[in-house]
file run27.txt (compact mmCIF, C-alpha atoms)
# COMPACT_ATOMS: atom_id res chain seq x y z
CA MET Z 29 -0.14 -11.83 23.66
CA ASN Z 30 -0.99 -8.57 21.96
CA SER Z 31 -4.39 -7.79 20.47
CA GLU Z 32 -3.25 -8.56 16.93
CA GLN Z 33 -1.98 -12.02 17.90
CA LYS Z 34 -5.23 -12.74 19.75
CA ASP Z 35 -7.16 -11.67 16.70
CA VAL Z 36 -5.27 -14.01 14.38
CA SER Z 37 -5.22 -17.01 16.71
CA SER Z 38 -8.98 -16.90 17.20
CA LYS Z 39 -9.68 -17.46 13.52
CA ARG Z 40 -10.94 -20.91 12.58
CA VAL Z 41 -10.47 -20.56 8.85
CA GLN Z 42 -7.43 -19.13 7.16
CA LEU Z 43 -7.72 -18.09 3.59
CA ILE Z 44 -4.59 -18.11 1.48
CA PHE Z 45 -4.63 -16.31 -1.80
CA SER Z 46 -1.91 -15.71 -4.30
CA ALA Z 47 -1.51 -14.49 -7.85
CA LYS Z 48 1.60 -15.40 -9.82
CA SER Z 49 2.76 -13.85 -13.03
CA SER Z 50 1.82 -15.76 -16.15
CA GLY Z 51 4.47 -13.93 -18.11
CA PRO Z 52 8.18 -14.62 -18.32
CA ALA Z 53 10.32 -14.15 -15.24
CA GLY Z 54 12.04 -10.79 -15.07
CA SER Z 55 9.36 -8.89 -16.96
CA SER Z 56 10.61 -6.16 -19.23
CA SER Z 57 7.71 -3.95 -18.09
CA LYS Z 58 8.36 -0.26 -17.59
CA LEU Z 59 6.97 -0.87 -14.14
CA ALA Z 60 10.18 -2.54 -13.03
CA GLU Z 61 12.10 0.62 -13.88
CA LEU Z 62 10.06 2.81 -11.54
CA PRO Z 63 11.61 3.69 -8.17
CA ARG Z 64 9.67 2.04 -5.34
CA GLU Z 65 8.46 5.33 -3.83
CA GLU Z 66 7.23 6.61 -7.16
CA MET Z 67 5.53 3.29 -7.81
CA ALA Z 68 3.77 3.39 -4.42
CA GLN Z 69 2.60 6.95 -5.03
CA ARG Z 70 1.33 6.11 -8.51
CA PHE Z 71 -0.50 2.99 -7.29
CA THR Z 72 -2.09 4.83 -4.38
CA GLN Z 73 -3.32 7.66 -6.58
CA SER Z 74 -4.59 5.30 -9.27
CA LEU Z 75 -6.41 3.12 -6.75
CA ASP Z 76 -8.01 6.17 -5.18
CA ASN Z 77 -9.06 7.51 -8.60
CA ALA Z 78 -10.39 4.13 -9.70
CA ALA Z 79 -12.52 3.69 -6.58
CA SER Z 80 -13.86 7.24 -6.83
CA GLU Z 81 -14.77 6.76 -10.49
CA VAL Z 82 -16.54 3.45 -9.87
CA PHE Z 83 -18.55 4.70 -6.91
CA THR Z 84 -19.54 7.94 -8.58
CA MET Z 85 -20.62 6.30 -11.84
CA MET Z 86 -21.98 2.92 -10.79
CA VAL Z 87 -23.15 3.41 -7.21
CA GLY Z 88 -24.18 7.04 -7.58
CA THR Z 89 -22.46 8.12 -4.38
CA PRO Z 90 -19.03 9.73 -4.36
CA LEU Z 91 -16.57 8.40 -1.81
CA GLY Z 92 -15.41 10.66 1.00
CA PRO Z 93 -11.92 11.04 2.38
CA SER Z 94 -10.63 9.03 5.31
CA ASP Z 95 -7.55 9.58 7.42
CA GLN Z 96 -7.69 6.14 8.97
CA ALA Z 97 -4.18 4.68 8.84
CA ILE Z 98 -4.95 1.31 10.41
CA HIS Z 99 -6.77 -1.18 8.23
CA PRO Z 100 -8.68 -4.07 9.78
CA ARG Z 101 -7.46 -7.56 8.93
CA VAL Z 102 -10.99 -8.69 8.15
CA ALA Z 103 -14.36 -7.10 7.45
CA ASP Z 104 -17.86 -8.45 6.98
CA TYR Z 105 -17.28 -8.68 3.24
CA THR Z 106 -14.02 -9.05 1.34
CA ALA Z 107 -13.98 -9.03 -2.46
CA MET Z 108 -10.70 -10.02 -4.10
CA ILE Z 109 -9.36 -10.07 -7.61
CA GLY Z 110 -6.04 -11.36 -8.89
CA LEU Z 111 -3.81 -9.45 -11.28
CA ALA Z 112 -1.28 -11.25 -13.49
CA GLY Z 113 1.22 -10.22 -16.12
CA ASP Z 114 3.21 -6.99 -15.90
CA LEU Z 115 1.38 -6.17 -12.68
CA CYS Z 116 0.99 -9.23 -10.52
CA GLY Z 117 -0.77 -9.49 -7.18
CA VAL Z 118 -4.10 -9.20 -5.40
CA LEU Z 119 -6.53 -6.33 -4.97
CA SER Z 120 -9.01 -6.62 -2.13
CA PHE Z 121 -12.01 -4.47 -1.29
CA ARG Z 122 -13.45 -4.72 2.24
CA CYS Z 123 -16.45 -3.24 3.94
CA GLY Z 124 -18.95 -3.79 6.73
CA ASN Z 125 -22.35 -5.41 6.38
CA ASN Z 126 -24.33 -2.16 6.33
CA SER Z 127 -22.11 -0.63 3.66
CA ALA Z 128 -22.32 -3.80 1.58
CA MET Z 129 -26.13 -3.78 1.70
CA LEU Z 130 -26.22 -0.08 0.86
CA ILE Z 131 -23.80 -0.42 -2.05
CA ALA Z 132 -25.79 -3.31 -3.54
CA GLY Z 133 -29.10 -1.49 -3.01
CA LYS Z 134 -27.83 1.64 -4.73
CA MET Z 135 -26.41 -0.35 -7.64
CA LEU Z 136 -29.76 -2.06 -8.08
CA GLY Z 137 -31.68 1.18 -7.53
CA THR Z 138 -33.71 -0.14 -4.61
CA ASP Z 139 -34.23 0.71 -0.93
CA GLU Z 140 -35.63 -2.74 -0.26
CA HIS Z 141 -33.76 -5.67 1.26
CA VAL Z 142 -31.13 -7.09 -1.07
CA SER Z 143 -30.35 -10.81 -0.97
CA ASP Z 144 -26.91 -11.94 0.17
CA GLU Z 145 -26.31 -13.37 -3.29
CA CYS Z 146 -26.91 -9.94 -4.86
CA VAL Z 147 -24.67 -8.28 -2.27
CA ARG Z 148 -21.82 -10.66 -3.13
CA ASP Z 149 -22.45 -10.14 -6.84
CA ALA Z 150 -22.41 -6.35 -6.41
CA LEU Z 151 -19.19 -6.32 -4.38
CA GLY Z 152 -17.51 -8.66 -6.86
CA GLU Z 153 -18.41 -6.24 -9.65
CA ILE Z 154 -17.18 -3.26 -7.63
CA CYS Z 155 -13.83 -4.98 -7.10
CA ASN Z 156 -13.71 -6.01 -10.76
CA MET Z 157 -14.40 -2.47 -11.98
CA VAL Z 158 -11.96 -0.87 -9.53
CA ALA Z 159 -9.27 -3.31 -10.70
CA GLY Z 160 -10.13 -2.65 -14.36
CA SER Z 161 -10.06 1.11 -13.92
CA PHE Z 162 -6.86 0.86 -11.87
CA LYS Z 163 -5.02 -1.14 -14.51
CA GLY Z 164 -6.36 1.17 -17.22
CA GLN Z 165 -4.72 4.11 -15.47
CA LEU Z 166 -1.43 2.23 -15.42
CA SER Z 167 -1.53 1.15 -19.06
CA ASP Z 168 1.58 3.20 -19.82
CA ILE Z 169 3.68 1.17 -17.39
CA ALA Z 170 1.81 -2.14 -17.12
CA GLU Z 171 0.33 -2.75 -20.53
CA LYS Z 172 -0.04 -6.52 -20.27
CA CYS Z 173 -2.09 -7.07 -17.16
CA MET Z 174 -4.90 -9.58 -16.80
CA LEU Z 175 -7.61 -9.85 -14.18
CA SER Z 176 -8.98 -12.99 -12.58
CA VAL Z 177 -12.66 -13.44 -11.86
CA PRO Z 178 -13.57 -11.86 -8.51
CA THR Z 179 -13.97 -13.88 -5.31
CA VAL Z 180 -16.13 -12.64 -2.45
CA VAL Z 181 -15.87 -13.85 1.14
CA SER Z 182 -18.54 -12.98 3.71
CA GLY Z 183 -18.20 -13.36 7.46
CA LYS Z 184 -15.36 -12.45 9.78
CA ASP Z 185 -14.11 -15.89 10.66
CA TYR Z 186 -11.14 -16.00 8.34
CA TYR Z 187 -7.73 -14.53 7.83
CA LEU Z 188 -6.35 -13.49 4.48
CA TYR Z 189 -2.71 -14.23 3.62
CA PRO Z 190 -1.76 -12.71 0.29
CA LEU Z 191 1.37 -14.56 -0.78
CA VAL Z 192 3.15 -11.62 -2.23
CA ASP Z 193 6.59 -10.34 -1.42
CA GLY Z 194 6.50 -6.81 -2.73
CA LEU Z 195 4.59 -3.64 -2.23
CA ARG Z 196 1.41 -3.18 -0.15
CA ILE Z 197 -0.81 -0.18 -0.91
CA GLN Z 198 -3.69 0.56 1.43
CA VAL Z 199 -6.41 3.10 0.72
CA SER Z 200 -9.31 3.82 3.03
CA LYS Z 201 -12.31 5.93 2.08
CA THR Z 202 -15.73 6.66 3.50
CA PHE Z 203 -18.97 5.60 1.88
CA GLU Z 204 -22.08 7.24 3.37
CA GLY Z 205 -20.03 7.91 6.50
CA ALA Z 206 -18.83 4.31 6.95
CA LEU Z 207 -15.28 3.21 6.28
CA ILE Z 208 -14.34 1.00 3.35
CA TRP Z 209 -10.87 -0.31 2.66
CA MET Z 210 -8.87 -1.34 -0.36
CA THR Z 211 -5.54 -3.13 -0.32
CA LEU Z 212 -3.27 -3.85 -3.24
CA ASP Z 213 -0.49 -6.40 -2.73
CA VAL Z 214 1.88 -6.67 -5.66
CA HIS Z 215 4.78 -9.01 -6.34
CA SER Z 216 8.14 -7.41 -6.88
CA ASN Z 217 9.56 -8.48 -10.24
CA MET X 2 -36.67 5.39 -33.22
CA ASN X 3 -38.93 2.45 -32.36
CA ALA X 4 -39.03 0.93 -28.87
CA LEU X 5 -36.15 -1.51 -28.58
CA ARG X 6 -35.86 -5.20 -27.79
CA VAL X 7 -32.49 -5.67 -26.10
CA LEU X 8 -30.45 -8.68 -25.05
CA ILE X 9 -28.10 -8.04 -22.09
CA VAL X 10 -25.42 -10.67 -21.50
CA ASP X 11 -23.41 -10.55 -18.27
CA ASP X 12 -22.64 -13.13 -15.59
CA SER X 13 -23.47 -10.52 -12.94
CA SER X 14 -27.20 -10.10 -12.36
CA VAL X 15 -26.50 -6.74 -10.69
CA MET X 16 -24.65 -5.53 -13.78
CA ARG X 17 -27.51 -6.67 -16.05
CA LYS X 18 -29.89 -4.55 -13.98
CA ILE X 19 -27.52 -1.55 -14.13
CA VAL X 20 -27.20 -1.81 -17.91
CA ASP X 21 -31.00 -2.07 -18.23
CA ARG X 22 -31.48 1.01 -16.03
CA SER X 23 -28.74 2.96 -17.83
CA LEU X 24 -30.38 2.34 -21.22
CA ARG X 25 -33.62 3.82 -19.89
CA GLN X 26 -31.78 6.72 -18.21
CA ALA X 27 -30.05 7.39 -21.53
CA GLY X 28 -33.48 8.11 -22.96
CA LEU X 29 -33.87 4.95 -25.04
CA GLU X 30 -37.37 3.57 -25.23
CA ILE X 31 -37.20 -0.08 -24.25
CA LYS X 32 -39.92 -2.50 -25.30
CA GLU X 33 -38.43 -5.68 -23.87
CA VAL X 34 -35.20 -6.78 -22.20
CA PHE X 35 -33.88 -10.33 -22.37
CA GLU X 36 -31.10 -11.43 -20.05
CA ALA X 37 -28.44 -14.11 -20.36
CA SER X 38 -25.64 -14.92 -17.92
CA ASN X 39 -23.19 -16.31 -20.50
CA GLY X 40 -22.64 -16.83 -24.21
CA VAL X 41 -24.39 -20.18 -24.35
CA GLU X 42 -27.59 -18.77 -22.85
CA ALA X 43 -27.37 -15.79 -25.19
CA LEU X 44 -26.98 -18.01 -28.25
CA ALA X 45 -29.98 -20.10 -27.20
CA ARG X 46 -32.03 -16.92 -26.77
CA MET X 47 -30.98 -15.60 -30.16
CA GLN X 48 -32.06 -18.86 -31.86
CA GLN X 49 -35.61 -18.04 -30.72
CA THR X 50 -35.77 -14.25 -30.58
CA ARG X 51 -35.05 -11.26 -32.76
CA VAL X 52 -33.66 -8.23 -30.92
CA ASP X 53 -32.55 -4.74 -31.97
CA LEU X 54 -29.41 -4.57 -29.84
CA ILE X 55 -27.08 -6.92 -27.97
CA LEU X 56 -24.94 -5.69 -25.08
CA SER X 57 -22.41 -8.21 -23.81
CA ASP X 58 -19.70 -8.54 -21.21
CA ILE X 59 -16.46 -10.22 -22.33
CA ASN X 60 -15.26 -12.20 -19.31
CA MET X 61 -17.96 -14.76 -18.56
CA PRO X 62 -17.93 -18.44 -17.65
CA THR X 63 -19.02 -21.21 -20.06
CA MET X 64 -18.71 -19.01 -23.17
CA ASP X 65 -17.13 -15.56 -23.15
CA GLY X 66 -18.31 -12.51 -25.04
CA LEU X 67 -15.78 -12.75 -27.85
CA GLU X 68 -16.76 -16.34 -28.66
CA LEU X 69 -20.40 -15.29 -28.47
CA VAL X 70 -19.87 -12.53 -31.04
CA HIS X 71 -18.06 -15.00 -33.29
CA GLN X 72 -20.82 -17.63 -33.04
CA LEU X 73 -23.61 -15.08 -33.53
CA GLN X 74 -22.37 -14.55 -37.08
CA ALA X 75 -23.98 -17.88 -37.95
CA VAL X 76 -27.30 -17.08 -36.26
CA GLU X 77 -29.96 -15.81 -38.63
CA ASN X 78 -31.73 -13.70 -35.99
CA ALA X 79 -28.47 -11.89 -35.17
CA LYS X 80 -27.74 -10.75 -38.72
CA GLY X 81 -27.47 -6.95 -38.80
CA VAL X 82 -28.00 -6.63 -35.05
CA PRO X 83 -25.42 -4.28 -33.49
CA ILE X 84 -23.39 -5.92 -30.73
CA VAL X 85 -21.72 -3.70 -28.15
CA MET X 86 -19.23 -5.03 -25.62
CA ILE X 87 -19.45 -3.66 -22.07
CA THR X 88 -16.45 -4.71 -20.03
CA THR X 89 -13.68 -3.74 -17.65
CA GLU X 90 -11.19 -5.08 -20.20
CA ALA X 91 -10.71 -1.87 -22.14
CA GLY X 92 -7.13 -2.23 -23.31
CA GLU X 93 -6.41 -1.56 -26.96
CA ALA X 94 -5.83 -5.25 -27.66
CA HIS X 95 -9.23 -6.19 -26.26
CA VAL X 96 -10.98 -3.47 -28.26
CA VAL X 97 -9.29 -4.57 -31.48
CA GLN X 98 -10.11 -8.22 -30.77
CA ALA X 99 -13.77 -7.48 -30.04
CA LEU X 100 -14.21 -5.31 -33.12
CA SER X 101 -12.47 -7.87 -35.33
CA CYS X 102 -14.84 -10.55 -34.03
CA GLY X 103 -17.80 -8.51 -35.23
CA ALA X 104 -18.70 -6.23 -32.32
CA ARG X 105 -19.81 -2.77 -33.46
CA GLY X 106 -18.94 -0.84 -30.32
CA TYR X 107 -17.20 -0.89 -26.98
CA ILE X 108 -18.13 0.59 -23.60
CA ARG X 109 -15.79 0.48 -20.62
CA LYS X 110 -17.07 -0.26 -17.11
CA PRO X 111 -17.69 1.91 -15.16
CA PHE X 112 -19.93 3.87 -17.50
CA SER X 113 -22.52 6.62 -17.34
CA PRO X 114 -25.91 6.74 -19.11
CA ASP X 115 -24.46 9.53 -21.27
CA GLN X 116 -21.69 7.23 -22.47
CA ILE X 117 -24.27 4.56 -23.28
CA LYS X 118 -26.26 7.10 -25.27
CA GLU X 119 -23.19 8.40 -27.07
CA ARG X 120 -22.05 4.93 -28.18
CA ILE X 121 -25.35 3.21 -28.86
CA ILE X 122 -27.62 5.73 -30.56
CA PRO X 123 -25.37 6.16 -33.64
CA LEU X 124 -25.36 2.37 -34.08
CA LEU X 125 -29.13 2.19 -33.96
CA GLN X 126 -29.51 5.09 -36.36
CA GLY X 127 -26.91 3.69 -38.75
call {"tool": "encode", "arguments": {"input": "run27.txt", "output": "structure tokens"}}
result
Amino acid sequence: MNSEQKDVSSKRVQLIFSAKSSGPAGSSSKLAELPREEMAQRFTQSLDNAASEVFTMMVGTPLGPSDQAIHPRVADYTAMIGLAGDLCGVLSFRCGNNSAMLIAGKMLGTDEHVSDECVRDALGEICNMVAGSFKGQLSDIAEKCMLSVPTVVSGKDYYLYPLVDGLRIQVSKTFEGALIWMTLDVHSN
Amino acid sequence: MNALRVLIVDDSSVMRKIVDRSLRQAGLEIKEVFEASNGVEALARMQQTRVDLILSDINMPTMDGLELVHQLQAVENAKGVPIVMITTEAGEAHVVQALSCGARGYIRKPFSPDQIKERIIPLLQG
């Protein structure tokens, strides 16, 4: 059994999440006309830009680069938001406990201890704003895109199965020296 | 400009705090801030209180921001009070919908204090 299989089999709770298009099958979106490579490049750049914008403006700390290619399957906190319409899938934002506390503290403008409820609230808003900014940058190719309310999971005892069959975009960045990860799973139309 | 009484409506308590702080960072003098986590709470507050400015999210449980703007038209205390939507939903359709419901301005999340200043001060002066 390899380390990845061990990791998965040890999880007690498995979390299954999916977002399906609310629009007609075979969307006429310009998105469907984009070659897969170009789409991946555009999504990656837009996700990177969106995260940088949100952290600079709302957290007050610019994100740093990361060359980490391997993304962890779980983190202490995972915030997720569903996208439906022209662009259909799930965006997740993951980070460790220390980063989560720091992000929430900076958003609230305090160095004091932040309650777990506020941390979840802050990460949900981060994910919501990253998704909003991301879809705004793609408005020329995915005009009709809706966002779900965010969901935040804390703890490591779960496994996330996004039920999508298309493209996976992964972006890792550093926040105050610690890694944070974002994953976009989109359905192919 | 007199010190302002502001109602901030957002289902995220963190976002309400950020909006409050951004208003102050934008140089606005704030006398009192009221908070509501959805449209129903905001309506109840506006039945009792007169404010100078309402800032509201759109996507909220129980009653969303667009319905709130619509229902505020019938609230005496809200007459003439500028309502500005602050939301991630910044597509053209959402902006048109919010403005047609009676909102006077629109700010996209994420935002900077400068953007708050740029959008809100003209409304308060007008």
call {"tool": "closest_residue", "arguments": {"input": "run27.txt", "among": "X:Gly92, X:Gly103, X:Gly81, X:Pro123", "to": "chain Z", "atoms": "only C-alpha atoms"}}
result
X:Gly92
call {"tool": "closest_atom_pairs", "arguments": {"input": "run27.txt", "of": "chain Z", "to": "chain X", "cutoff": "6 Å", "atoms": "all atoms listed in the file", "output": "tab-separated table"}}
result
residue	atom	partner	partner_atom	distance
Z:Val82	CA	X:Pro111	CA	5.6
Z:Met85	CA	X:Ser113	CA	5.8
Z:Ala150	CA	X:Val15	CA	5.9
Z:Met157	CA	X:Thr89	CA	5.9
Z:Gly160	CA	X:Thr89	CA	5.0
call {"tool": "atom_distance", "arguments": {"input": "run27.txt", "atom1": "atom CA of Asp115 of chain X", "atom2": "atom CA of Ala4 of chain X"}}
result
18.5 Å
call {"tool": "residues_around", "arguments": {"input": "run27.txt", "residues": "Leu100 of chain X", "least_positions_apart": "3", "cutoff": "12 Å", "atoms": "all atoms listed in the file", "output": "PyMOL selection string"}}
result
chain X and resi 66-67+70-71+83-86+93-97+103-108
call {"tool": "residues_around", "arguments": {"input": "run27.txt", "residues": "Phe162 of chain Z", "least_positions_apart": "5", "cutoff": "10 Å", "atoms": "only C-alpha atoms", "output": "MDAnalysis selection string"}}
result
chainID Z and resid 71:79 81 119 156:157 167
call {"tool": "closest_residue", "arguments": {"input": "run27.txt", "among": "X:Glu119, X:Leu56, X:Glu42, X:Met47", "to": "Val76 of chain X", "atoms": "all atoms listed in the file"}}
result
X:Met47
call {"tool": "residues_around", "arguments": {"input": "run27.txt", "residues": "Lys32 of chain X", "least_positions_apart": "3", "cutoff": "12 Å", "atoms": "only C-alpha atoms", "output": "list in words"}}
result
Met2, Asn3, Ala4, Leu5, Arg6, Val7, Leu8, Asp21, Leu24, Arg25, Leu29, Phe35, Val52, Asp53 and Leu54 of chain X
call {"tool": "write_last_selection", "arguments": {"input": "run27.txt", "atoms": "C-alpha atoms", "output": "CSV table (one decimal), keeping the file's coordinate frame"}}
result
chain,number,residue,atom,x,y,z
X,2,MET,CA,-36.7,5.4,-33.2
X,3,ASN,CA,-38.9,2.4,-32.4
X,4,ALA,CA,-39.0,0.9,-28.9
X,5,LEU,CA,-36.2,-1.5,-28.6
X,6,ARG,CA,-35.9,-5.2,-27.8
X,7,VAL,CA,-32.5,-5.7,-26.1
X,8,LEU,CA,-30.4,-8.7,-25.0
X,21,ASP,CA,-31.0,-2.1,-18.2
X,24,LEU,CA,-30.4,2.3,-21.2
X,25,ARG,CA,-33.6,3.8,-19.9
X,29,LEU,CA,-33.9,5.0,-25.0
X,35,PHE,CA,-33.9,-10.3,-22.4
X,52,VAL,CA,-33.7,-8.2,-30.9
X,53,ASP,CA,-32.6,-4.7,-32.0
X,54,LEU,CA,-29.4,-4.6,-29.8
call {"tool": "atom_distance", "arguments": {"input": "run27.txt", "atom1": "atom CA of Cys123 of chain Z", "atom2": "atom CA of Ala103 of chain Z"}}
result
5.6 Å
call {"tool": "residues_around", "arguments": {"input": "run27.txt", "residues": "segment 129-135 of chain Z", "least_positions_apart": "4", "cutoff": "8 Å", "atoms": "all atoms listed in the file", "output": "VMD selection string"}}
result
(chain Z and resid 86 to 88 125 139 to 142 146 to 147 150 to 151) or (chain X and resid 15 19)
call {"tool": "closest_residue", "arguments": {"input": "run27.txt", "among": "Z:Lys172, Z:Lys163, Z:His99, Z:Arg122", "to": "Arg148 of chain Z", "atoms": "all atoms listed in the file"}}
result
Z:Arg122
call {"tool": "atom_distance", "arguments": {"input": "run27.txt", "atom1": "atom CA of Ser120 of chain Z", "atom2": "atom CA of Ala37 of chain X"}}
result
27.7 Å
call {"tool": "axis_aligned_box", "arguments": {"input": "run27.txt", "around": "segment 87-94 of chain X", "padding_each_side": "3 Å", "output": "AutoDock Vina command-line options"}}
result
--center_x -12.6 --center_y -3.4 --center_z -22.7 --size_x 19.6 --size_y 9.7 --size_z 16.0
call {"tool": "closest_residue", "arguments": {"input": "run27.txt", "among": "X:Val20, X:Val82, X:Ile122, X:Val10", "to": "Asn39 of chain X", "atoms": "all atoms listed in the file"}}
result
X:Val10
call {"tool": "residues_around", "arguments": {"input": "run27.txt", "residues": "Leu69 of chain X", "least_positions_apart": "2", "cutoff": "9 Å", "atoms": "all atoms listed in the file", "output": "PyMOL selection string"}}
result
chain X and resi 39-41+43-44+57+59+64-67+71-74
call {"tool": "write_last_selection", "arguments": {"input": "run27.txt", "atoms": "C-alpha atoms", "output": "mmCIF file, keeping the file's coordinate frame"}}
result
data_model
loop_
_atom_site.group_PDB
_atom_site.id
_atom_site.type_symbol
_atom_site.label_atom_id
_atom_site.label_comp_id
_atom_site.auth_asym_id
_atom_site.auth_seq_id
_atom_site.Cartn_x
_atom_site.Cartn_y
_atom_site.Cartn_z
ATOM 1 C CA ASN X 39 -23.190 -16.310 -20.500
ATOM 2 C CA GLY X 40 -22.640 -16.830 -24.210
ATOM 3 C CA VAL X 41 -24.390 -20.180 -24.350
ATOM 4 C CA ALA X 43 -27.370 -15.790 -25.190
ATOM 5 C CA LEU X 44 -26.980 -18.010 -28.250
ATOM 6 C CA SER X 57 -22.410 -8.210 -23.810
ATOM 7 C CA ILE X 59 -16.460 -10.220 -22.330
ATOM 8 C CA MET X 64 -18.710 -19.010 -23.170
ATOM 9 C CA ASP X 65 -17.130 -15.560 -23.150
ATOM 10 C CA GLY X 66 -18.310 -12.510 -25.040
ATOM 11 C CA LEU X 67 -15.780 -12.750 -27.850
ATOM 12 C CA HIS X 71 -18.060 -15.000 -33.290
ATOM 13 C CA GLN X 72 -20.820 -17.630 -33.040
ATOM 14 C CA LEU X 73 -23.610 -15.080 -33.530
ATOM 15 C CA GLN X 74 -22.370 -14.550 -37.080
#
call {"tool": "decode", "arguments": {"input": "run27.txt", "residues": "segment 95-124 of chain X", "atoms": "C-alpha atoms", "output": "compact mmCIF listing (two decimals), in the first residue's frame"}}
result
# COMPACT_ATOMS: atom_id res chain seq x y z
CA HIS X 95 -26.54 42.20 -11.03
CA VAL X 96 -25.59 45.88 -11.14
CA VAL X 97 -28.58 46.73 -13.32
CA GLN X 98 -30.89 44.70 -11.08
CA ALA X 99 -29.63 46.35 -7.90
CA LEU X 100 -29.87 49.86 -9.33
CA SER X 101 -33.35 49.21 -10.70
CA CYS X 102 -34.45 48.03 -7.24
CA GLY X 103 -33.44 51.38 -5.79
CA ALA X 104 -29.78 51.00 -4.82
CA ARG X 105 -27.74 54.16 -5.46
CA GLY X 106 -24.33 52.56 -5.82
CA TYR X 107 -22.38 49.37 -6.19
CA ILE X 108 -19.04 48.24 -4.75
CA ARG X 109 -17.40 44.97 -5.73
CA LYS X 110 -15.68 42.75 -3.16
CA PRO X 111 -12.72 42.83 -2.72
CA PHE X 112 -12.54 46.59 -2.25
CA SER X 113 -10.14 49.19 -0.90
CA PRO X 114 -10.94 52.12 1.40
CA ASP X 115 -10.25 54.40 -1.58
CA GLN X 116 -12.96 52.68 -3.59
CA ILE X 117 -15.37 53.09 -0.68
CA LYS X 118 -14.53 56.78 -0.51
CA GLU X 119 -14.86 57.23 -4.26
CA ARG X 120 -18.32 55.62 -4.40
CA ILE X 121 -19.86 56.79 -1.15
CA ILE X 122 -18.83 60.41 -0.64
CA PRO X 123 -20.60 61.69 -3.80
CA LEU X 124 -23.80 59.99 -2.63
